[in-house]
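Raw protein-v1.cif, mmCIF, C-alpha atoms and all ligand atoms:
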data_target
#
loop_
_atom_site.label_atom_id
_atom_site.label_comp_id
_atom_site.auth_asym_id
_atom_site.auth_seq_id
_atom_site.Cartn_x
_atom_site.Cartn_y
_atom_site.Cartn_z
CA MET A 1 -10.56 26.36 -25.95
CA GLU A 2 -7.87 23.70 -25.78
CA SER A 3 -6.93 22.24 -29.16
CA ILE A 4 -7.67 18.64 -30.09
CA GLN A 5 -3.95 17.96 -30.18
CA ALA A 6 -3.42 19.32 -26.66
CA ILE A 7 -6.30 17.21 -25.34
CA LYS A 8 -4.85 14.07 -26.94
CA GLN A 9 -1.55 14.74 -25.26
CA ARG A 10 -3.13 15.46 -21.91
CA PHE A 11 -5.27 12.31 -21.92
CA GLY A 12 -2.77 9.97 -23.61
CA ILE A 13 -4.86 9.46 -26.72
CA ILE A 14 -2.90 8.27 -29.76
CA GLY A 15 -4.10 8.64 -33.35
CA ASN A 16 -4.93 11.10 -36.09
CA ASN A 17 -8.01 9.54 -37.63
CA PRO A 18 -10.62 12.18 -38.60
CA LYS A 19 -13.44 10.29 -36.84
CA LEU A 20 -11.39 10.14 -33.63
CA ASN A 21 -10.65 13.87 -33.96
CA ARG A 22 -14.34 14.59 -34.48
CA ALA A 23 -15.24 12.62 -31.33
CA ILE A 24 -12.70 14.60 -29.28
CA GLU A 25 -13.88 17.86 -30.80
CA LYS A 26 -17.47 17.04 -29.84
CA ALA A 27 -16.36 16.26 -26.27
CA ILE A 28 -14.58 19.64 -26.09
CA GLN A 29 -17.64 21.47 -27.44
CA VAL A 30 -20.15 19.82 -25.15
CA ALA A 31 -17.99 19.94 -22.00
CA PRO A 32 -18.95 23.44 -20.74
CA THR A 33 -22.69 22.62 -20.93
CA ASP A 34 -24.60 20.25 -18.65
CA ILE A 35 -25.98 18.22 -21.54
CA SER A 36 -26.06 14.43 -21.11
CA VAL A 37 -23.75 12.55 -23.42
CA LEU A 38 -23.82 8.97 -24.62
CA VAL A 39 -20.48 7.55 -25.77
CA THR A 40 -20.87 4.66 -28.19
CA GLY A 41 -18.46 2.34 -29.92
CA GLU A 42 -17.30 -1.25 -29.95
CA SER A 43 -15.51 -2.79 -27.02
CA GLY A 44 -11.96 -1.53 -26.55
CA VAL A 45 -12.15 1.60 -28.72
CA GLY A 46 -11.26 3.98 -25.88
CA LYS A 47 -14.65 5.21 -24.69
CA GLU A 48 -13.44 5.77 -21.15
CA SER A 49 -11.34 8.82 -21.95
CA ILE A 50 -14.31 10.83 -23.31
CA PRO A 51 -16.14 11.35 -19.97
CA LYS A 52 -12.81 12.29 -18.38
CA ILE A 53 -12.25 14.97 -21.03
CA ILE A 54 -15.80 16.27 -20.57
CA HIS A 55 -15.44 16.47 -16.79
CA GLN A 56 -12.02 18.10 -16.84
CA LEU A 57 -13.05 20.76 -19.35
CA SER A 58 -16.30 21.58 -17.56
CA HIS A 59 -17.07 24.00 -14.75
CA ARG A 60 -17.48 20.86 -12.61
CA LYS A 61 -13.80 19.97 -12.79
CA HIS A 62 -13.29 20.75 -9.11
CA GLY A 63 -16.28 18.59 -8.22
CA LYS A 64 -16.24 14.82 -8.06
CA TYR A 65 -15.88 12.48 -11.00
CA ILE A 66 -17.26 9.04 -10.30
CA ALA A 67 -17.08 6.23 -12.85
CA VAL A 68 -19.57 3.44 -12.23
CA ASN A 69 -19.45 0.18 -14.13
CA CYS A 70 -23.15 -0.65 -14.25
CA GLY A 71 -22.45 -4.13 -15.59
CA ALA A 72 -20.35 -5.06 -12.57
CA ILE A 73 -22.85 -4.25 -9.84
CA PRO A 74 -25.25 -7.02 -8.81
CA GLU A 75 -28.88 -6.20 -9.54
CA GLY A 76 -29.82 -6.44 -5.87
CA THR A 77 -27.47 -3.69 -4.72
CA ILE A 78 -27.31 -1.29 -7.65
CA ASP A 79 -30.07 1.05 -6.41
CA SER A 80 -28.39 1.32 -3.06
CA GLU A 81 -24.96 1.92 -4.68
CA LEU A 82 -26.30 4.65 -6.93
CA PHE A 83 -28.87 6.34 -4.71
CA GLY A 84 -27.91 5.24 -1.18
CA HIS A 85 -30.05 3.63 1.49
CA GLU A 86 -31.57 4.34 4.89
CA LYS A 87 -30.57 2.45 8.01
CA GLY A 88 -32.64 -0.75 8.18
CA ALA A 89 -33.74 -0.57 4.53
CA PHE A 90 -32.66 -4.20 4.12
CA THR A 91 -30.83 -6.87 6.10
CA GLY A 92 -27.28 -5.65 6.61
CA ALA A 93 -28.13 -1.96 6.18
CA THR A 94 -26.75 -1.08 9.60
CA SER A 95 -26.36 2.60 8.86
CA THR A 96 -27.55 5.21 6.41
CA ARG A 97 -25.37 5.33 3.33
CA SER A 98 -24.98 7.96 0.64
CA GLY A 99 -25.09 6.78 -2.97
CA TYR A 100 -22.96 7.99 -5.86
CA PHE A 101 -25.57 10.52 -6.95
CA GLU A 102 -25.43 12.19 -3.55
CA VAL A 103 -21.63 12.03 -3.27
CA ALA A 104 -21.13 13.39 -6.79
CA ASP A 105 -23.38 16.42 -6.23
CA GLY A 106 -21.79 19.24 -8.23
CA GLY A 107 -19.68 16.82 -10.25
CA THR A 108 -19.94 14.22 -13.01
CA ILE A 109 -21.03 10.59 -13.00
CA PHE A 110 -19.85 8.27 -15.76
CA LEU A 111 -22.26 5.36 -16.19
CA ASP A 112 -20.24 2.77 -18.07
CA GLU A 113 -22.11 -0.14 -19.70
CA VAL A 114 -25.35 1.74 -19.11
CA GLY A 115 -27.23 -0.82 -21.23
CA GLU A 116 -26.84 -3.25 -18.31
CA LEU A 117 -28.94 -1.20 -15.87
CA PRO A 118 -31.99 -3.08 -14.56
CA LEU A 119 -35.34 -1.57 -15.63
CA THR A 120 -36.25 -0.47 -12.09
CA THR A 121 -32.98 1.46 -11.80
CA GLN A 122 -33.64 3.01 -15.20
CA VAL A 123 -36.84 4.56 -13.76
CA ARG A 124 -34.88 6.13 -10.90
CA LEU A 125 -32.23 7.39 -13.30
CA LEU A 126 -34.83 8.98 -15.54
CA ARG A 127 -36.12 10.95 -12.57
CA VAL A 128 -32.64 12.27 -11.77
CA LEU A 129 -32.19 13.28 -15.39
CA GLU A 130 -35.55 15.02 -15.54
CA ASN A 131 -35.53 17.05 -12.36
CA GLY A 132 -32.44 16.11 -10.34
CA GLU A 133 -34.53 14.21 -7.80
CA PHE A 134 -33.88 10.84 -6.19
CA ILE A 135 -34.97 8.86 -3.16
CA LYS A 136 -32.70 6.65 -1.05
CA VAL A 137 -33.68 2.98 -0.85
CA GLY A 138 -36.00 2.58 2.16
CA SER A 139 -36.72 6.29 2.43
CA SER A 140 -39.63 8.44 1.39
CA LYS A 141 -37.74 11.73 1.45
CA VAL A 142 -37.04 13.24 -1.97
CA GLN A 143 -33.50 14.56 -2.29
CA LYS A 144 -31.96 16.85 -4.89
CA THR A 145 -28.66 16.48 -6.68
CA ASN A 146 -26.88 18.38 -9.41
CA VAL A 147 -24.94 15.80 -11.39
CA ARG A 148 -23.79 15.77 -15.01
CA ILE A 149 -24.28 12.34 -16.54
CA VAL A 150 -22.10 10.82 -19.22
CA ALA A 151 -22.97 7.25 -20.18
CA ALA A 152 -21.27 4.69 -22.41
CA THR A 153 -22.29 1.52 -24.11
CA ASN A 154 -20.88 -1.00 -26.54
CA VAL A 155 -24.23 -2.67 -27.16
CA ASN A 156 -26.76 -1.73 -29.79
CA MET A 157 -29.22 0.35 -27.80
CA PHE A 158 -31.96 0.14 -30.45
CA GLU A 159 -31.83 -3.60 -30.19
CA ALA A 160 -32.04 -3.36 -26.38
CA ILE A 161 -35.03 -1.02 -26.69
CA LYS A 162 -36.72 -3.40 -29.11
CA LYS A 163 -36.21 -6.27 -26.67
CA GLU A 164 -37.65 -4.04 -23.92
CA LYS A 165 -34.43 -4.21 -21.94
CA PHE A 166 -33.88 -0.48 -22.13
CA ARG A 167 -36.42 2.33 -21.81
CA GLU A 168 -36.73 4.38 -24.94
CA ASP A 169 -37.46 7.61 -23.01
CA LEU A 170 -34.28 7.12 -20.97
CA TYR A 171 -32.25 6.45 -24.09
CA TYR A 172 -33.31 9.79 -25.62
CA ARG A 173 -32.58 11.65 -22.37
CA LEU A 174 -29.15 10.11 -22.10
CA SER A 175 -28.14 10.56 -25.69
CA THR A 176 -28.86 14.25 -26.22
CA ILE A 177 -25.39 14.23 -27.73
CA ASP A 178 -23.98 11.01 -29.12
CA ILE A 179 -20.21 10.68 -29.37
CA ASN A 180 -19.19 7.69 -31.45
CA LEU A 181 -15.66 6.29 -31.41
CA PRO A 182 -14.57 4.48 -34.57
CA ALA A 183 -13.52 0.84 -34.57
CA LEU A 184 -9.79 0.24 -35.04
CA ARG A 185 -10.37 -1.36 -38.46
CA GLU A 186 -11.77 2.01 -39.58
CA ARG A 187 -8.62 3.77 -38.39
CA LYS A 188 -6.00 1.98 -40.46
CA GLU A 189 -3.65 4.97 -40.41
CA ASP A 190 -3.43 4.72 -36.60
CA ILE A 191 -2.82 0.99 -36.25
CA HIS A 192 0.96 0.94 -36.70
CA LEU A 193 1.32 4.16 -34.72
CA LEU A 194 -0.54 2.60 -31.78
CA PHE A 195 1.46 -0.62 -32.03
CA ARG A 196 4.75 1.31 -31.93
CA LYS A 197 3.57 3.26 -28.90
CA PHE A 198 2.50 0.11 -27.02
CA ALA A 199 5.68 -1.77 -28.03
CA SER A 200 7.81 1.05 -26.68
CA ASP A 201 5.75 1.22 -23.45
CA PHE A 202 6.17 -2.52 -22.88
CA ALA A 203 9.87 -2.38 -23.70
CA LEU A 204 10.23 0.17 -20.91
CA LYS A 205 8.03 -1.80 -18.54
CA TYR A 206 9.80 -5.12 -19.06
CA LYS A 207 13.26 -3.58 -19.52
CA MET A 208 13.94 -5.06 -22.95
CA PRO A 209 14.60 -3.65 -26.43
CA THR A 210 11.51 -2.55 -28.38
CA VAL A 211 10.06 -5.03 -30.88
CA LYS A 212 9.89 -3.83 -34.48
CA LEU A 213 7.67 -5.09 -37.27
CA THR A 214 8.79 -5.98 -40.78
CA ASP A 215 6.75 -4.52 -43.68
CA ASP A 216 4.78 -7.72 -44.20
CA ALA A 217 3.94 -7.81 -40.47
CA VAL A 218 2.68 -4.22 -40.68
CA ASN A 219 0.49 -5.22 -43.64
CA LEU A 220 -0.93 -8.06 -41.60
CA LEU A 221 -1.78 -5.64 -38.77
CA LEU A 222 -3.61 -3.40 -41.24
CA LYS A 223 -5.62 -6.23 -42.75
CA TYR A 224 -6.69 -7.75 -39.46
CA ARG A 225 -10.24 -7.25 -38.17
CA TRP A 226 -9.43 -6.22 -34.58
CA ASN A 227 -12.70 -7.20 -32.98
CA GLY A 228 -11.23 -6.29 -29.60
CA ASN A 229 -9.96 -2.97 -31.04
CA ILE A 230 -7.24 -1.02 -29.22
CA ARG A 231 -7.44 -3.28 -26.16
CA GLN A 232 -6.67 -6.29 -28.36
CA LEU A 233 -3.87 -4.48 -30.20
CA ARG A 234 -2.35 -3.57 -26.85
CA ASN A 235 -2.57 -7.22 -25.71
CA VAL A 236 -0.91 -8.41 -28.91
CA ALA A 237 1.90 -5.86 -28.51
CA GLU A 238 2.41 -7.03 -24.92
CA GLN A 239 2.44 -10.73 -25.80
CA VAL A 240 4.86 -10.26 -28.69
CA SER A 241 7.13 -8.09 -26.53
CA VAL A 242 7.20 -10.61 -23.69
CA LEU A 243 7.17 -13.95 -25.49
CA GLU A 244 9.31 -13.43 -28.60
CA GLN A 245 13.08 -13.79 -28.27
CA THR A 246 13.87 -11.97 -31.50
CA ARG A 247 13.06 -8.27 -31.61
CA THR A 248 12.23 -8.08 -35.32
CA ILE A 249 8.83 -9.59 -35.89
CA ASN A 250 7.74 -10.82 -39.29
CA ALA A 251 4.25 -11.68 -40.53
CA VAL A 252 4.64 -15.42 -39.87
CA THR A 253 5.45 -14.83 -36.21
CA LEU A 254 2.82 -12.15 -35.79
CA GLN A 255 0.16 -14.38 -37.28
CA ASN A 256 0.43 -16.67 -34.23
CA TYR A 257 -0.93 -13.84 -32.11
CA LEU A 258 -3.86 -12.98 -34.36
CA PRO A 259 -6.69 -15.51 -34.16
CA ASN A 260 -8.43 -16.34 -37.46
CA THR A 261 -5.98 -14.53 -39.73
CA GLY A 262 -5.55 -17.73 -41.74
CA SER A 263 -8.92 -17.14 -43.30
CA ASN A 264 -10.18 -13.97 -44.90
CA LEU A 265 -13.56 -14.50 -43.36
CA PRO A 266 -14.51 -11.89 -40.82
CA ALA A 267 -14.00 -13.17 -37.31
CA VAL A 268 -17.05 -14.29 -35.34
CA VAL A 269 -17.12 -11.52 -32.80
CA ASN A 270 -18.08 -13.10 -29.49
CA ASN A 271 -16.60 -16.57 -29.58
CA THR A 272 -13.32 -15.67 -31.19
CA LYS A 273 -12.76 -12.74 -28.91
CA ALA A 274 -13.37 -14.73 -25.76
CA GLU A 275 -11.14 -17.53 -26.96
CA SER A 276 -8.32 -15.28 -28.10
CA ASP A 277 -8.34 -13.19 -24.94
CA PHE A 278 -8.30 -16.35 -22.86
CA SER A 279 -5.42 -17.94 -24.72
CA SER A 280 -3.34 -14.77 -24.64
CA GLU A 281 -3.88 -14.32 -20.93
CA ARG A 282 -3.10 -17.98 -20.42
CA GLU A 283 0.21 -17.57 -22.24
CA ILE A 284 1.22 -14.63 -20.10
CA LEU A 285 0.18 -16.52 -16.96
CA TYR A 286 2.23 -19.51 -18.05
CA LYS A 287 5.22 -17.26 -18.50
CA VAL A 288 4.76 -15.83 -15.02
CA LEU A 289 4.35 -19.33 -13.58
CA PHE A 290 7.47 -20.60 -15.33
CA ASP A 291 9.46 -17.66 -14.00
CA MET A 292 8.15 -18.31 -10.51
CA LYS A 293 9.00 -21.99 -10.77
CA SER A 294 12.50 -21.17 -11.89
CA ASP A 295 12.92 -18.70 -9.00
CA LEU A 296 11.64 -21.33 -6.61
CA ASN A 297 14.17 -23.88 -7.86
CA ASP A 298 16.96 -21.33 -7.48
CA LEU A 299 15.80 -20.58 -3.95
CA LYS A 300 15.71 -24.30 -3.16
CA LYS A 301 19.31 -24.61 -4.35
CA LEU A 302 20.35 -21.65 -2.25
CA THR A 303 18.58 -23.00 0.85
CA MET A 304 20.24 -26.38 0.36
CA GLU A 305 23.65 -24.69 0.17
CA LEU A 306 22.90 -22.78 3.36
CA MET A 307 21.84 -25.95 5.13
CA LYS A 308 24.97 -27.76 4.02
CA HIS A 309 27.46 -25.03 4.80
CA GLY A 310 25.88 -23.20 7.73
CA GLY A 311 27.54 -19.77 7.31
CA THR A 312 26.38 -17.38 4.64
CA SER A 313 29.49 -15.60 3.43
CA ASP A 314 30.85 -18.51 1.37
CA VAL A 315 27.42 -19.39 0.10
CA GLN A 316 26.94 -15.79 -1.00
CA LYS A 317 30.30 -15.73 -2.74
CA ASP A 318 29.76 -19.05 -4.50
CA ASN A 319 26.19 -18.33 -5.54
CA GLN A 320 26.48 -14.71 -6.62
CA HIS A 321 24.81 -15.42 -9.94
CA LEU A 322 21.82 -17.11 -8.28
CA ILE A 323 21.38 -14.31 -5.77
CA GLN A 324 21.50 -11.77 -8.57
CA LYS A 325 19.06 -13.79 -10.63
CA ILE A 326 16.52 -14.14 -7.85
CA TYR A 327 16.74 -10.68 -6.34
CA GLY A 328 17.59 -8.77 -9.49
CA GLU A 329 20.80 -6.99 -10.38
CA GLU A 330 19.66 -3.45 -9.89
CA LYS A 331 18.19 -4.40 -6.53
CA ALA A 332 21.34 -6.08 -5.31
CA ASP A 333 22.26 -3.08 -3.17
CA ASP A 334 18.94 -3.24 -1.36
CA TYR A 335 19.79 -6.63 0.09
CA LYS A 336 22.50 -5.54 2.40
CA THR A 337 24.40 -7.90 4.62
CA THR A 338 24.46 -7.16 8.31
CA THR A 339 26.50 -8.83 10.99
CA VAL A 340 24.71 -10.41 13.90
CA ASP A 341 26.96 -12.12 16.44
CA ASP A 342 29.70 -12.51 13.84
CA LEU A 343 27.27 -14.18 11.48
CA GLU A 344 26.59 -12.49 8.17
CA VAL A 345 22.89 -12.42 7.38
CA LEU A 346 21.34 -11.69 4.05
CA SER A 347 18.47 -9.38 4.93
CA ILE A 348 15.56 -8.86 2.59
CA PRO A 349 13.76 -5.51 2.92
CA GLU A 350 10.37 -5.78 4.57
CA THR A 351 7.99 -4.93 1.80
CA SER A 352 5.01 -6.82 3.08
CA GLU A 353 4.00 -4.04 5.43
CA VAL A 354 3.96 -1.54 2.61
CA ILE A 355 1.88 -3.82 0.44
CA GLU A 356 -0.55 -4.43 3.25
CA GLU A 357 -0.94 -0.72 3.83
CA ASN A 358 -1.53 -0.09 0.17
CA ASN A 359 -4.13 -2.82 0.11
CA SER A 360 -6.04 -1.31 2.92
CA GLU A 361 -5.81 2.14 1.40
CA THR A 362 -7.04 1.12 -1.98
CA GLU A 363 -10.07 -0.62 -0.51
CA ASP A 364 -12.97 1.59 -1.16
CA LYS A 365 -16.45 1.54 0.15
CA TYR A 366 -17.59 2.44 -3.37
CA HIS A 367 -16.66 -0.95 -4.70
CA PHE A 368 -17.71 -0.49 -8.27
CA ALA A 369 -16.71 3.09 -8.86
CA GLU A 370 -13.44 4.70 -9.71
CA GLU A 371 -12.63 8.31 -9.02
CA ILE A 372 -10.06 10.62 -10.55
CA GLU A 373 -7.57 10.94 -7.75
CA GLU A 374 -6.94 14.65 -7.95
CA GLU A 375 -10.65 15.28 -7.54
CA GLU A 376 -10.75 13.32 -4.32
CA THR A 377 -12.51 15.18 -1.53
CA LEU A 378 -13.79 12.26 0.51
CA SER A 379 -10.25 11.39 1.56
CA LEU A 380 -8.78 7.91 1.49
CA HIS A 381 -8.03 8.47 5.15
CA ASP A 382 -11.77 8.79 5.90
CA LYS A 383 -12.64 5.73 3.84
CA GLU A 384 -9.95 3.68 5.49
CA LEU A 385 -11.11 4.83 8.90
CA GLU A 386 -14.68 3.86 8.09
CA LEU A 387 -13.61 0.46 6.77
CA ILE A 388 -11.64 -0.30 9.92
CA LYS A 389 -14.47 0.87 12.19
CA LYS A 390 -17.03 -1.23 10.37
CA SER A 391 -14.86 -4.30 10.41
CA LEU A 392 -14.19 -3.93 14.15
CA GLU A 393 -17.92 -3.47 14.77
CA ARG A 394 -18.73 -6.55 12.75
CA HIS A 395 -16.28 -8.62 14.74
CA HIS A 396 -17.20 -7.12 18.14
CA GLY A 397 -13.80 -5.52 18.53
CA LYS A 398 -11.86 -8.73 17.81
CA ARG A 399 -8.73 -7.42 16.11
CA LYS A 400 -7.57 -10.73 14.76
CA LEU A 401 -10.79 -11.29 12.79
CA ALA A 402 -10.98 -7.66 11.62
CA ALA A 403 -7.35 -7.74 10.43
CA ALA A 404 -8.01 -10.94 8.49
CA GLU A 405 -11.07 -9.40 6.86
CA LEU A 406 -9.18 -6.24 5.93
CA GLY A 407 -6.26 -8.25 4.60
CA ILE A 408 -3.72 -6.56 6.88
CA SER A 409 -1.59 -7.84 9.72
CA GLU A 410 -2.78 -7.49 13.30
CA ARG A 411 0.20 -5.26 13.95
CA THR A 412 -0.77 -2.89 11.13
CA LEU A 413 -4.34 -2.82 12.39
CA TYR A 414 -3.14 -2.05 15.91
CA ARG A 415 -1.01 0.79 14.56
CA LYS A 416 -3.97 2.20 12.63
CA ILE A 417 -6.26 1.96 15.68
CA LYS A 418 -3.74 4.03 17.61
CA GLN A 419 -3.18 6.41 14.68
CA PHE A 420 -6.91 7.03 14.23
CA ASP A 421 -7.51 7.05 17.97
CA LEU A 422 -10.27 4.46 17.67
N1 LIG A 501 -6.41 6.39 -28.74
C1 LIG A 501 -5.83 5.64 -27.81
N2 LIG A 501 -4.52 5.77 -27.57
C2 LIG A 501 -3.91 5.00 -26.66
N3 LIG A 501 -4.52 4.06 -25.94
C3 LIG A 501 -5.82 3.89 -26.12
C4 LIG A 501 -6.55 4.67 -27.06
N4 LIG A 501 -7.84 4.29 -27.03
C5 LIG A 501 -7.91 3.29 -26.14
N5 LIG A 501 -6.71 3.05 -25.59
C6 LIG A 501 -6.42 2.01 -24.60
O1 LIG A 501 -7.18 0.87 -24.98
C7 LIG A 501 -7.73 0.21 -23.84
C8 LIG A 501 -9.23 0.11 -23.98
O2 LIG A 501 -9.83 1.38 -23.87
P1 LIG A 501 -11.18 1.62 -23.02
O3 LIG A 501 -11.11 0.86 -21.72
O4 LIG A 501 -11.45 3.06 -22.94
O5 LIG A 501 -12.21 0.87 -23.98
P2 LIG A 501 -13.78 0.90 -23.98
O6 LIG A 501 -14.20 1.54 -25.23
O7 LIG A 501 -14.26 1.50 -22.69
O8 LIG A 501 -14.13 -0.66 -24.05
P3 LIG A 501 -15.31 -1.49 -23.33
O9 LIG A 501 -16.57 -1.16 -24.07
O10 LIG A 501 -14.91 -2.92 -23.52
O11 LIG A 501 -15.35 -1.07 -21.89
C9 LIG A 501 -7.27 1.03 -22.65
O12 LIG A 501 -6.12 0.41 -22.13
C10 LIG A 501 -6.94 2.38 -23.22
O13 LIG A 501 -5.96 3.03 -22.46
MG MG A 502 -15.05 0.59 -20.91
#
The structure given in the file should be rewritten as structure tokens.
Amino acid sequence: MESIQAIKQRFGIIGNNPKLNRAIEKAIQVAPTDISVLVTGESGVGKESIPKIIHQLSHRKHGKYIAVNCGAIPEGTIDSELFGHEKGAFTGATSTRSGYFEVADGGTIFLDEVGELPLTTQVRLLRVLENGEFIKVGSSKVQKTNVRIVAATNVNMFEAIKKEKFREDLYYRLSTIDINLPALRERKEDIHLLFRKFASDFALKYKMPTVKLTDDAVNLLLKYRWNGNIRQLRNVAEQVSVLEQTRTINAVTLQNYLPNTGSNLPAVVNNTKAESDFSSEREILYKVLFDMKSDLNDLKKLTMELMKHGGTSDVQKDNQHLIQKIYGEEKADDYKTTTVDDLEVLSIPETSEVIEENNSETEDKYHFAEEIEEEETLSLHDKELELIKKSLERHHGKRKLAAAELGISERTLYRKIKQFDL
């Protein structure tokens, strides 16, 4: 059996808190069985790594792992997403479709935010849990599937049961084993460790020296309530890394990033969290916008120079610093100059095609699910092919409309049609 330490390393989990260790230990112990597991804990505590551990350490590891965010799927389509539908089951159901429970046969399904499932879907789920049976929407044929279910929730399930939003029988079936992840405020010993890890990650990402905290700033981190838990700590580390000029952060500076620290009253969970998340995201967006505006101004200057002087060689020489600023120093070599009819041209590599291709590849007919890539058996190639076919069908073969819908250029679509022999 892999040790807790090895699992932490493998899944990028930081921390030494005994409650965290116990949660990982439980995941390791329960993994080889087919028992249903319910992962509980506040928002942002790291629940999503538990089902991954369970799947990877189980005999199902070569099967599919599908993560479904139940809260993100509209009520009207969730049954069809999970259990599939027959052709003609509803308007727009032009062909039979397999649901996640059929696709994940032999694997694991992670039902995130399970408390958000509509009651009618809960009935269907109960049946799968009891005897592995399900019926596609619009069908009468009972199908069988062998899927391990791991669910997660950050809401109080007893409260949901009391309000008749969640079936009690389903709750007990799902939570044969309950794995609880502690809130960050209960893991004080891990807070600074996590901050240092995030600060060093962001320093690498944004190519700047790592921010360090003074002792009083560390104390402030330890005293804070962290309603958004590790997600919030990560956001704070990112904001401080990006927005602060000085790399040594004291408590006064840090306080600006921690809503409500002025008072010792516990933060009001919902309102404060929403507000703080919004303001932090807004600050980062502002920063991005300012950078874009500055780039745009530099480009305007450069264009004006080009218009005034015609040729490019002098403009390049005189505006070296601007060119470097806009296109980046380390990238400078990528923007080679070529000579066309004795005229030097600054050529920018064509990245748009690559981006377009990536876009089309990452589109997924399972809109609300995420799969572990290495477990992929339904290849991206097949999904892409299906997407293109469907789009062409919808637009009666009109490539221009299909390309626009797929978010790729007509040329890329044409290439793909030839490549897939459509
Ligand atoms: N122990 C940890 N070490 C490093 N990073 C972590 C740890 N736990 C969580 N994170 C990071 O914190 C963020 C939030 O984790 P996650 O998405 O798993 O939260 P969650 O419990 O599912 O929250 P929610 O209920 O809001 O969905 C992620 O970016 C995750 O990588
Ligand atoms: Mg989550």
Enumerate residues in contact with ligand LIG 501 (chain A): an atom-to-atom distance of at most 6 Å, counting all atoms listed in the file. Format the result as a PyMOL selection string. chain A and resi 12-15+42-49+154+230-231
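What separates atom CA of A:Ile73 from atom CA of A:Val155 is a distance of 17.4 Å.
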One decimal, Å: what's the distance from atom CA of A:Glu86 over to atom CA of A:Val142, could you say? 12.5 Å
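Atom CA of A:Thr94 is positioned 16.3 Å from atom CA of A:Gly397.
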For a quick check of understanding, using all atoms listed in the file, which of A:Leu82, A:Cys70, A:Ala160, A:Val240 has the smallest distance to ligand MG 502 (chain A)? A:Cys70
Some atoms are absent from stretch 133-137 of chain A, so rebuild all heavy atoms and return them as a PDB file, in the coordinates of the input.
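Just written: rebuild-v8.pdb:
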ATOM      1  N   GLU A 133     -34.009  14.762  -9.050  1.00  0.00           N
ATOM      2  CA  GLU A 133     -34.530  14.210  -7.800  1.00  0.00           C
ATOM      3  C   GLU A 133     -34.242  12.711  -7.672  1.00  0.00           C
ATOM      4  O   GLU A 133     -34.242  11.991  -8.676  1.00  0.00           O
ATOM      5  CB  GLU A 133     -36.058  14.380  -7.745  1.00  0.00           C
ATOM      6  CG  GLU A 133     -36.486  15.798  -7.482  1.00  0.00           C
ATOM      7  CD  GLU A 133     -37.999  15.932  -7.489  1.00  0.00           C
ATOM      8  OE1 GLU A 133     -38.723  14.935  -7.729  1.00  0.00           O
ATOM      9  OE2 GLU A 133     -38.454  17.072  -7.290  1.00  0.00           O
ATOM     10  N   PHE A 134     -34.012  12.285  -6.436  1.00  0.00           N
ATOM     11  CA  PHE A 134     -33.880  10.840  -6.190  1.00  0.00           C
ATOM     12  C   PHE A 134     -34.315  10.548  -4.761  1.00  0.00           C
ATOM     13  O   PHE A 134     -34.424  11.462  -3.931  1.00  0.00           O
ATOM     14  CB  PHE A 134     -32.442  10.374  -6.427  1.00  0.00           C
ATOM     15  CG  PHE A 134     -31.460  10.858  -5.407  1.00  0.00           C
ATOM     16  CD1 PHE A 134     -31.123  10.078  -4.307  1.00  0.00           C
ATOM     17  CD2 PHE A 134     -30.880  12.124  -5.522  1.00  0.00           C
ATOM     18  CE1 PHE A 134     -30.226  10.534  -3.354  1.00  0.00           C
ATOM     19  CE2 PHE A 134     -29.993  12.594  -4.571  1.00  0.00           C
ATOM     20  CZ  PHE A 134     -29.662  11.793  -3.482  1.00  0.00           C
ATOM     21  N   ILE A 135     -34.568   9.280  -4.508  1.00  0.00           N
ATOM     22  CA  ILE A 135     -34.970   8.860  -3.160  1.00  0.00           C
ATOM     23  C   ILE A 135     -34.086   7.689  -2.747  1.00  0.00           C
ATOM     24  O   ILE A 135     -33.905   6.744  -3.518  1.00  0.00           O
ATOM     25  CB  ILE A 135     -36.457   8.416  -3.134  1.00  0.00           C
ATOM     26  CG1 ILE A 135     -37.357   9.578  -3.566  1.00  0.00           C
ATOM     27  CG2 ILE A 135     -36.852   7.926  -1.751  1.00  0.00           C
ATOM     28  CD1 ILE A 135     -38.831   9.199  -3.696  1.00  0.00           C
ATOM     29  N   LYS A 136     -33.535   7.770  -1.546  1.00  0.00           N
ATOM     30  CA  LYS A 136     -32.700   6.650  -1.050  1.00  0.00           C
ATOM     31  C   LYS A 136     -33.565   5.404  -0.911  1.00  0.00           C
ATOM     32  O   LYS A 136     -34.764   5.514  -0.626  1.00  0.00           O
ATOM     33  CB  LYS A 136     -32.155   6.992   0.337  1.00  0.00           C
ATOM     34  CG  LYS A 136     -30.920   7.848   0.356  1.00  0.00           C
ATOM     35  CD  LYS A 136     -30.311   7.764   1.767  1.00  0.00           C
ATOM     36  CE  LYS A 136     -28.974   8.426   1.816  1.00  0.00           C
ATOM     37  NZ  LYS A 136     -29.005   9.830   2.168  1.00  0.00           N
ATOM     38  N   VAL A 137     -32.957   4.234  -1.049  1.00  0.00           N
ATOM     39  CA  VAL A 137     -33.680   2.980  -0.850  1.00  0.00           C
ATOM     40  C   VAL A 137     -34.161   2.940   0.614  1.00  0.00           C
ATOM     41  O   VAL A 137     -33.377   3.198   1.522  1.00  0.00           O
ATOM     42  CB  VAL A 137     -32.772   1.749  -1.137  1.00  0.00           C
ATOM     43  CG1 VAL A 137     -33.492   0.447  -0.823  1.00  0.00           C
ATOM     44  CG2 VAL A 137     -32.299   1.768  -2.584  1.00  0.00           C
TER      45      VAL A 137
END
